[in-house]
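*Asks:* File name model-v9.tsv; file contents TSV, C-alpha atoms; full text below.
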chain	number	residue	atom	x	y	z
A	24	MET	CA	10.15	-8.27	13.23
A	25	ALA	CA	6.65	-9.65	13.69
A	26	VAL	CA	4.85	-10.95	10.65
A	27	LYS	CA	1.36	-9.64	10.03
A	28	ARG	CA	-1.23	-12.38	9.99
A	29	PHE	CA	-3.22	-12.34	6.75
A	30	PRO	CA	-6.95	-11.99	7.55
A	31	ILE	CA	-9.07	-14.90	6.33
A	32	ALA	CA	-12.46	-13.18	6.32
A	33	PRO	CA	-12.12	-9.39	6.67
A	34	ALA	CA	-15.32	-7.44	7.32
A	35	HIS	CA	-14.95	-5.09	4.32
A	36	PRO	CA	-12.27	-6.43	1.96
A	37	GLU	CA	-13.27	-3.91	-0.71
A	38	ARG	CA	-11.94	-1.04	1.41
A	39	VAL	CA	-8.33	-2.29	1.47
A	40	CYS	CA	-5.59	-2.99	-1.08
A	41	TRP	CA	-4.17	-6.44	-0.33
A	42	GLY	CA	-1.13	-6.17	-2.64
A	43	CYS	CA	1.49	-5.89	0.11
A	44	ASP	CA	1.71	-6.02	3.88
A	45	ARG	CA	0.80	-2.34	4.29
A	46	TYR	CA	-2.93	-3.01	3.72
A	47	CYS	CA	-3.56	0.57	2.50
A	48	GLN	CA	-7.03	1.98	2.11
A	49	SER	CA	-8.29	1.53	-1.43
A	50	ASP	CA	-7.96	5.25	-2.14
A	51	ASP	CA	-4.43	5.62	-0.68
A	52	LEU	CA	-2.23	3.15	-2.60
A	53	ARG	CA	1.09	4.12	-0.94
A	54	CYS	CA	3.19	1.24	-2.23
A	55	GLY	CA	2.70	2.05	-5.90
A	56	ASN	CA	1.52	-1.50	-6.52
A	57	GLY	CA	-0.43	-0.32	-9.53
A	58	SER	CA	-3.21	2.03	-10.39
A	59	ASP	CA	-5.89	-0.20	-8.87
A	60	ARG	CA	-6.07	-2.09	-5.62
A	61	THR	CA	-5.31	-5.79	-5.30
A	62	GLN	CA	-8.41	-7.74	-4.31
A	63	HIS	CA	-8.57	-10.07	-1.31
A	64	PRO	CA	-8.90	-13.78	-2.22
A	65	VAL	CA	-12.38	-13.86	-0.64
A	66	GLU	CA	-13.51	-11.39	-3.33
A	67	LEU	CA	-12.07	-13.53	-6.11
A	68	MET	CA	-12.75	-17.09	-4.95
A	69	GLY	CA	-15.52	-16.85	-2.35
A	70	ALA	CA	-15.72	-17.49	1.38
A	71	ASP	CA	-14.02	-20.89	1.30
A	72	TRP	CA	-10.94	-19.63	-0.55
A	73	VAL	CA	-8.64	-20.82	2.23
A	74	ARG	CA	-9.53	-24.43	1.36
A	75	GLU	CA	-8.00	-24.06	-2.10
A	76	PRO	CA	-4.62	-25.76	-2.61
A	77	GLY	CA	-1.73	-23.58	-1.55
A	78	PHE	CA	-3.61	-21.30	0.84
A	79	ALA	CA	-4.11	-23.44	3.96
A	80	ASP	CA	-0.65	-22.67	5.35
A	81	LEU	CA	-1.02	-18.91	4.82
A	82	ALA	CA	-2.58	-18.21	8.20
A	83	GLY	CA	-2.08	-21.61	9.77
A	84	ALA	CA	-4.55	-24.36	8.91
A	85	ASP	CA	-6.21	-24.61	12.32
A	86	ALA	CA	-6.57	-20.85	12.79
A	87	ALA	CA	-7.87	-20.47	9.24
A	88	ARG	CA	-10.52	-23.12	9.71
A	89	ALA	CA	-11.68	-21.61	13.01
A	90	GLU	CA	-11.88	-18.10	11.58
A	91	LEU	CA	-13.69	-19.35	8.47
A	92	ARG	CA	-16.26	-21.21	10.58
A	93	SER	CA	-16.79	-18.09	12.65
A	94	ALA	CA	-17.18	-15.88	9.57
A	95	LEU	CA	-19.68	-18.26	8.00
A	96	GLY	CA	-21.71	-18.39	11.22
A	97	GLY	CA	-20.93	-22.03	12.00
Could you write out this structure as structure tokens?
*Replies:*
Amino acid sequence: MAVKRFPIAPAHPERVCWGCDRYCQSDDLRCGNGSDRTQHPVELMGADWVREPGFADLAGADAARAELRSALGG
């Protein structure tokens, strides 16, 4: 089974629940993960969240840095 790659800088993180790998729309919480959606780390910690300890290996350090640079316009 292929593993979904976690997006580093999604275009509209507020539209999705990030609580599981289903990535449901914020108004369709199918997994029952709670009554409210789980926020994306970019909403909680800012655009450079992937540089925080423990997150660099989430999407692969090189891919994460490249996607972050692209998202920040650099």
*Asks:* Sorted by chain and rising residue number, which residues of stretch 54-77 of chain A lie within 9 Å of stretch 25-46 of chain A, and what are their closest atom pairs and distances in Å to one decimal, counting only C-alpha atoms, as a tab-separated table?
*Replies:*
residue	atom	partner	partner_atom	distance
A:Cys54	CA	A:Cys43	CA	7.7
A:Asn56	CA	A:Gly42	CA	6.6
A:Asp59	CA	A:Cys40	CA	8.3
A:Arg60	CA	A:Cys40	CA	4.7
A:Thr61	CA	A:Gly42	CA	5.0
A:Gln62	CA	A:Trp41	CA	6.0
A:His63	CA	A:Trp41	CA	5.8
A:Pro64	CA	A:Ile31	CA	8.6
A:Val65	CA	A:Ala32	CA	7.0
A:Glu66	CA	A:Pro36	CA	7.4
A:Ala70	CA	A:Ala32	CA	7.3
A:Trp72	CA	A:Ile31	CA	8.6
A:Val73	CA	A:Ile31	CA	7.2
*Asks:* How many Å lie between atom CA of A:Gly69 and atom CA of A:Arg92, rounded to one decimal?
*Replies:*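 We find that atom CA of A:Gly69 and atom CA of A:Arg92 lie 13.7 Å from each other.
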*Asks:* May I ask for the distance between atom CA of A:Leu95 and atom CA of A:Met68, given in Å to one decimal place?
*Replies:* 14.7 Å
*Asks:* Draw an axis-aligned box over all listed atoms of stretch 66-75 of chain A, pad each side with 5 Å, and write its centre and edge lengths in Å, one decimal, as JSON.
*Replies:*
{"center_x": -11.9, "center_y": -17.9, "center_z": -1.9, "size_x": 17.7, "size_y": 23.0, "size_z": 18.3}
*Asks:* Can you patch up stretch 38-49 of chain A, filling it in to N, CA and C atoms, and show the result as a tab-separated table (two decimals), in the coordinates of the input?
*Replies:*
chain	number	residue	atom	x	y	z
A	38	ARG	N	-12.47	-2.32	0.94
A	38	ARG	CA	-11.94	-1.04	1.41
A	38	ARG	C	-10.41	-1.02	1.51
A	39	VAL	N	-9.77	-2.16	1.25
A	39	VAL	CA	-8.33	-2.29	1.47
A	39	VAL	C	-7.65	-2.83	0.22
A	40	CYS	N	-6.42	-2.39	-0.03
A	40	CYS	CA	-5.59	-2.99	-1.08
A	40	CYS	C	-4.77	-4.09	-0.41
A	41	TRP	N	-4.83	-5.29	-0.93
A	41	TRP	CA	-4.17	-6.44	-0.33
A	41	TRP	C	-2.87	-6.80	-1.04
A	42	GLY	N	-2.31	-5.88	-1.82
A	42	GLY	CA	-1.13	-6.17	-2.64
A	42	GLY	C	0.18	-6.30	-1.89
A	43	CYS	N	0.28	-5.76	-0.69
A	43	CYS	CA	1.49	-5.89	0.11
A	43	CYS	C	1.08	-5.92	1.58
A	44	ASP	N	2.05	-5.92	2.47
A	44	ASP	CA	1.71	-6.02	3.88
A	44	ASP	C	1.35	-4.68	4.53
A	45	ARG	N	1.22	-3.63	3.75
A	45	ARG	CA	0.80	-2.34	4.29
A	45	ARG	C	-0.71	-2.25	4.47
A	46	TYR	N	-1.46	-3.00	3.67
A	46	TYR	CA	-2.93	-3.01	3.72
A	46	TYR	C	-3.48	-1.58	3.69
A	47	CYS	N	-3.12	-0.83	2.67
A	47	CYS	CA	-3.56	0.57	2.50
A	47	CYS	C	-5.05	0.62	2.20
A	48	GLN	N	-5.65	1.76	2.52
A	48	GLN	CA	-7.03	1.98	2.11
A	48	GLN	C	-7.07	2.02	0.60
A	49	SER	N	-8.20	1.66	0.03
A	49	SER	CA	-8.29	1.53	-1.43
A	49	SER	C	-8.07	2.84	-2.17
